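Following: one structure in structure tokens, then a few remarks.
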Amino acid sequence: MFEGSQWVAKDFGEPAKVIERITRKWSEPREGHVLVKVLAAGAGLPDSLMVKGVYPLVKTPPATPGQEVCGEVVATAANSPFTPGQRVMGITDFVGGSGGFADYAYVLERRCRPVPSTLSDTEASGFLIPFHTASSAFVVRTRLVAGETVVILGAGGSSGAAAVQFAKALGARVIAVAGGTEKLEFCTAQGADHVIDYRSENLTAKILEYSGGAGADVIFDPVGGETATAAVKAIARHGRIALIGFASGGWLQLDPVDMVLRNYSAVGVFAGGFSPAEDAQAYDGMCRMAEQGQLRTPIAQIYSFEDVPALLARIDGGPPAGKLVVEVSRRANAARVADERPVPDRKGEDGAGAIA
């Protein structure tokens with residue numbers, strides 16, 4: 001039996017108001033789960049949405065935010081491939097009440113991997129979900145081909161930044177869309193070939209300009225709303241839209257007649273909706289790419305465990321450029337040096353054959 005603290009929202013509501021820290025115990029993990037001592041936990045918009053009660057996987061309170069963690073294995077079920085003391089990153093059983101904003105967390109065994117040697121604790125804690133989303137979008141759902149043009153909406157956020165890196169690693173031309181000078185500079189640092197400020201520039205015209213008039217072969221859309229609508233006006237013949245989310249507050253509204261007349265398609269992308277075999281292939285590929293230095297989580301800011309309410313308020317106020325992380329254990333302090341390294345400029349890198 002292990003005892004520690006966990007952040008919980010016993011009722012749905014504004015995250016900074018309803019989240020509270022409690023003391024609880026964790027027993028030995030059941031089959032298919034690994035119990036880890038959390039070193040760091042990644043944070044994102046879904047954590048805020050589940051506390052508010054508008055995240056589809058968490059239908060009733062309590063809500064325990066923290067979908068992904070880096071931690072040290074402390075207990076396993078029988079016949080587990082993991083061993084106590086091993087440093088791993090994984091997706092928590094947040095649906096079952098064991099989110100990562102806690103001293104300990106149950107991690108889903110099939111969505112758990114040893115941490116690549118190139119990643120710090122904080123980088124590993126925010127790696128799996130953003131890059132698995134990118135892998136699902138480009139490798140499985142839209143089948144991105146080297147040389148194609150990809151437009152990435154919300155490219156300044158954690159999922160968008162992961163998509164920029166992943167698309168470049170696959171050999172695509174990347175047009176990153178974000179708001180403000182700071183985020184545009186951030187997107188360039190991630191490897192984007194072109195950047196567009198949707199707040200001050202004509203998005204449709206700029207996509208056509210940067211694609212040589214051909215338009216976008218693939219649109220990665222975690223934003224929806226007017227921004228996505230403007231991007232679709234510049235989609236290429238036989239183009240594909242990857243529907244990721246609705247950060248704007250509303251999903252992209254598609255016109256089936258327009259889709260038919262201009263021969264483009266849209267696919268849904270949910271990284272949690274694949275088979276164990278598909279997950280394994282994606283995770284193993286992502287880890288290889290990380291070991292090769294092609295993928296790395298860009299850290300925006302590290303919060304202390306005590307500052308989880310402030311973190312959730314920050315997410316509500318608009319996502320920063322990069323990934324937000326909660327530092328749970330003192331051991332994760334050693335990762336601060338790694339987190340402060342400049343993000344490498346990946347423009348022009350040859351990513352052919354990144355996923356075998």
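Chain labels A, B, ... are given in the sequence in which chains occur in the structure tokens; within each chain residues are numbered consecutively from 1, and ligands are likewise numbered from 1 in the order shown.
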Members of stretch 70-256 of chain A assigned alpha helix (DSSP H) by DSSP, as a VMD selection string: chain A and resid 121 to 125 128 to 135 158 to 169 181 to 190 203 to 210 225 to 232 256
Output C-alpha atoms for every residue in that selection, as an mmCIF file, in the first residue's frame.
data_model
loop_
_atom_site.group_PDB
_atom_site.id
_atom_site.type_symbol
_atom_site.label_atom_id
_atom_site.label_comp_id
_atom_site.auth_asym_id
_atom_site.auth_seq_id
_atom_site.Cartn_x
_atom_site.Cartn_y
_atom_site.Cartn_z
ATOM 1 C CA ASP A 121 11.609 13.517 -16.852
ATOM 2 C CA THR A 122 9.648 16.649 -17.728
ATOM 3 C CA GLU A 123 10.016 16.119 -21.480
ATOM 4 C CA ALA A 124 8.911 12.494 -21.153
ATOM 5 C CA SER A 125 5.841 13.490 -19.129
ATOM 6 C CA LEU A 128 3.139 10.440 -25.545
ATOM 7 C CA ILE A 129 -0.184 12.182 -26.153
ATOM 8 C CA PRO A 130 0.950 15.015 -28.469
ATOM 9 C CA PHE A 131 3.248 12.828 -30.564
ATOM 10 C CA HIS A 132 0.821 9.897 -30.646
ATOM 11 C CA THR A 133 -1.821 12.301 -31.938
ATOM 12 C CA ALA A 134 0.584 13.464 -34.651
ATOM 13 C CA SER A 135 1.504 9.891 -35.533
ATOM 14 C CA SER A 158 1.710 21.247 -27.531
ATOM 15 C CA SER A 159 -0.200 19.110 -30.057
ATOM 16 C CA GLY A 160 0.528 21.559 -32.846
ATOM 17 C CA ALA A 161 4.237 21.692 -32.040
ATOM 18 C CA ALA A 162 4.390 17.891 -32.009
ATOM 19 C CA ALA A 163 2.657 17.850 -35.397
ATOM 20 C CA VAL A 164 5.203 20.300 -36.812
ATOM 21 C CA GLN A 165 8.112 18.132 -35.683
ATOM 22 C CA PHE A 166 6.493 14.885 -36.807
ATOM 23 C CA ALA A 167 5.510 16.180 -40.248
ATOM 24 C CA LYS A 168 9.020 17.499 -40.823
ATOM 25 C CA ALA A 169 10.477 14.153 -39.775
ATOM 26 C CA THR A 181 5.033 36.970 -32.906
ATOM 27 C CA GLU A 182 6.151 34.820 -29.981
ATOM 28 C CA LYS A 183 4.256 31.753 -31.161
ATOM 29 C CA LEU A 184 5.338 32.241 -34.757
ATOM 30 C CA GLU A 185 8.981 32.311 -33.667
ATOM 31 C CA PHE A 186 8.328 29.207 -31.596
ATOM 32 C CA CYS A 187 6.876 27.409 -34.648
ATOM 33 C CA THR A 188 9.920 28.322 -36.724
ATOM 34 C CA ALA A 189 12.147 26.867 -33.995
ATOM 35 C CA GLN A 190 10.168 23.602 -34.206
ATOM 36 C CA LEU A 203 -4.989 32.677 -43.945
ATOM 37 C CA THR A 204 -6.465 31.361 -47.195
ATOM 38 C CA ALA A 205 -4.299 33.577 -49.383
ATOM 39 C CA LYS A 206 -1.114 32.813 -47.460
ATOM 40 C CA ILE A 207 -1.621 29.043 -47.640
ATOM 41 C CA LEU A 208 -2.050 29.297 -51.404
ATOM 42 C CA GLU A 209 1.023 31.536 -51.652
ATOM 43 C CA TYR A 210 3.272 29.227 -49.626
ATOM 44 C CA GLY A 225 -14.127 27.387 -35.923
ATOM 45 C CA GLU A 226 -13.394 30.236 -38.325
ATOM 46 C CA THR A 227 -9.680 29.482 -38.532
ATOM 47 C CA ALA A 228 -10.280 25.970 -39.812
ATOM 48 C CA THR A 229 -12.971 27.217 -42.198
ATOM 49 C CA ALA A 230 -10.501 29.667 -43.743
ATOM 50 C CA ALA A 231 -7.845 26.962 -44.081
ATOM 51 C CA VAL A 232 -10.217 24.582 -45.858
ATOM 52 C CA PRO A 256 -20.539 17.957 -48.052
#
Could you give me, as a tab-separated table (two decimals) with C-alpha atoms, in the first residue's frame, each residue of stretch 99-252 of chain A that DSSP assigns to strand (DSSP E) when run on this structure's backbone?
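Saved as states13.tsv:
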chain	number	residue	atom	x	y	z
A	104	TYR	CA	1.39	7.95	-7.43
A	105	ALA	CA	-0.65	6.92	-10.45
A	106	TYR	CA	-1.83	3.79	-12.17
A	107	VAL	CA	-0.55	3.74	-15.73
A	108	LEU	CA	-2.12	1.63	-18.49
A	109	GLU	CA	0.46	-1.06	-19.23
A	110	ARG	CA	-0.14	-1.14	-22.99
A	111	ARG	CA	0.26	2.64	-23.13
A	112	CYS	CA	3.50	2.70	-21.18
A	113	ARG	CA	7.07	2.75	-22.47
A	114	PRO	CA	10.59	3.06	-21.06
A	149	THR	CA	2.28	20.31	-47.91
A	150	VAL	CA	0.81	20.22	-44.41
A	151	VAL	CA	-1.01	23.11	-42.74
A	152	ILE	CA	-0.95	22.83	-38.96
A	173	ARG	CA	6.60	20.97	-46.21
A	174	VAL	CA	5.07	22.52	-43.08
A	175	ILE	CA	2.99	25.68	-42.88
A	176	ALA	CA	2.38	26.54	-39.24
A	177	VAL	CA	-0.56	28.71	-38.18
A	178	ALA	CA	-0.54	30.50	-34.83
A	194	HIS	CA	6.48	28.92	-43.26
A	195	VAL	CA	4.43	30.58	-40.52
A	196	ILE	CA	1.14	32.48	-40.71
A	197	ASP	CA	-0.37	34.76	-38.09
A	216	ALA	CA	-2.73	22.12	-48.55
A	217	ASP	CA	-2.50	18.37	-49.06
A	218	VAL	CA	-3.22	17.82	-45.36
A	219	ILE	CA	-4.75	20.12	-42.73
A	220	PHE	CA	-4.10	19.24	-39.07
A	221	ASP	CA	-6.99	20.80	-37.16
A	235	ILE	CA	-7.19	22.77	-49.46
A	236	ALA	CA	-5.69	20.97	-52.43
A	237	ARG	CA	-7.48	18.59	-54.78
A	238	HIS	CA	-7.58	15.21	-53.02
A	239	GLY	CA	-6.60	16.97	-49.80
A	240	ARG	CA	-7.30	15.49	-46.34
A	241	ILE	CA	-8.42	17.18	-43.14
A	242	ALA	CA	-7.42	15.60	-39.84
A	243	LEU	CA	-10.06	16.55	-37.27
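Nearest-residue note for A:Gly273: choosing from A:Arg288, A:Leu57, A:Gly157, A:Val308, the minimum distance belongs to A:Leu57, counting only C-alpha atoms.
Restricting the calculation to only C-alpha atoms, the smallest distance between A:Gly42 and any of A:Ala77, A:Val223, A:Ala290, A:Ile91 is found for A:Ile91.
Among the candidates A:Pro15, A:Pro46, A:Gly212, A:Gly191, the residue lying nearest to A:Gly245 is A:Pro46 (atoms considered: only C-alpha atoms).
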Best match for closeness to A:His33 among A:Asp47, A:Asp258, A:Glu3, A:Asp93, counting only C-alpha atoms: A:Asp93
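Proximity to A:Leu170 was assessed for A:Phe12, A:Phe138, A:Phe246, A:Phe270 counting only C-alpha atoms; the smallest distance is recorded for A:Phe138.
Distance annotation: of A:Phe305, A:Val51, A:Gly156, A:Met259, the residue with the minimal separation from A:Ala321 is A:Gly156; atom set is only C-alpha atoms.
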Long-range neighbours of stretch 327-329 of chain A as a ChimeraX atom specification, 7 Å cut-off, only C-alpha atoms, 6 positions minimum in chain: /A:38-41,103,302-305
Output the selection as an mmCIF file, in the first residue's frame - C-alpha atoms for each residue.
data_model
loop_
_atom_site.group_PDB
_atom_site.id
_atom_site.type_symbol
_atom_site.label_atom_id
_atom_site.label_comp_id
_atom_site.auth_asym_id
_atom_site.auth_seq_id
_atom_site.Cartn_x
_atom_site.Cartn_y
_atom_site.Cartn_z
ATOM 1 C CA VAL A 38 5.085 10.240 -10.420
ATOM 2 C CA LEU A 39 8.092 12.396 -11.246
ATOM 3 C CA ALA A 40 6.350 14.809 -13.615
ATOM 4 C CA ALA A 41 2.956 15.064 -15.275
ATOM 5 C CA ASP A 103 2.296 11.329 -5.916
ATOM 6 C CA ILE A 302 7.111 23.875 -15.246
ATOM 7 C CA TYR A 303 4.682 24.200 -12.317
ATOM 8 C CA SER A 304 5.195 22.886 -8.806
ATOM 9 C CA PHE A 305 2.829 20.280 -7.413
#
Atomic separation - atom CA of A:Val140 relative to atom CA of A:Val267, Å: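 That distance, rounded to one decimal, is 10.4 Å.
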Point-to-point distance from atom CA of A:Ser80 to atom CA of A:Ala271, Å rounded to tenths: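 Distance between the two atoms: 23.3 Å.
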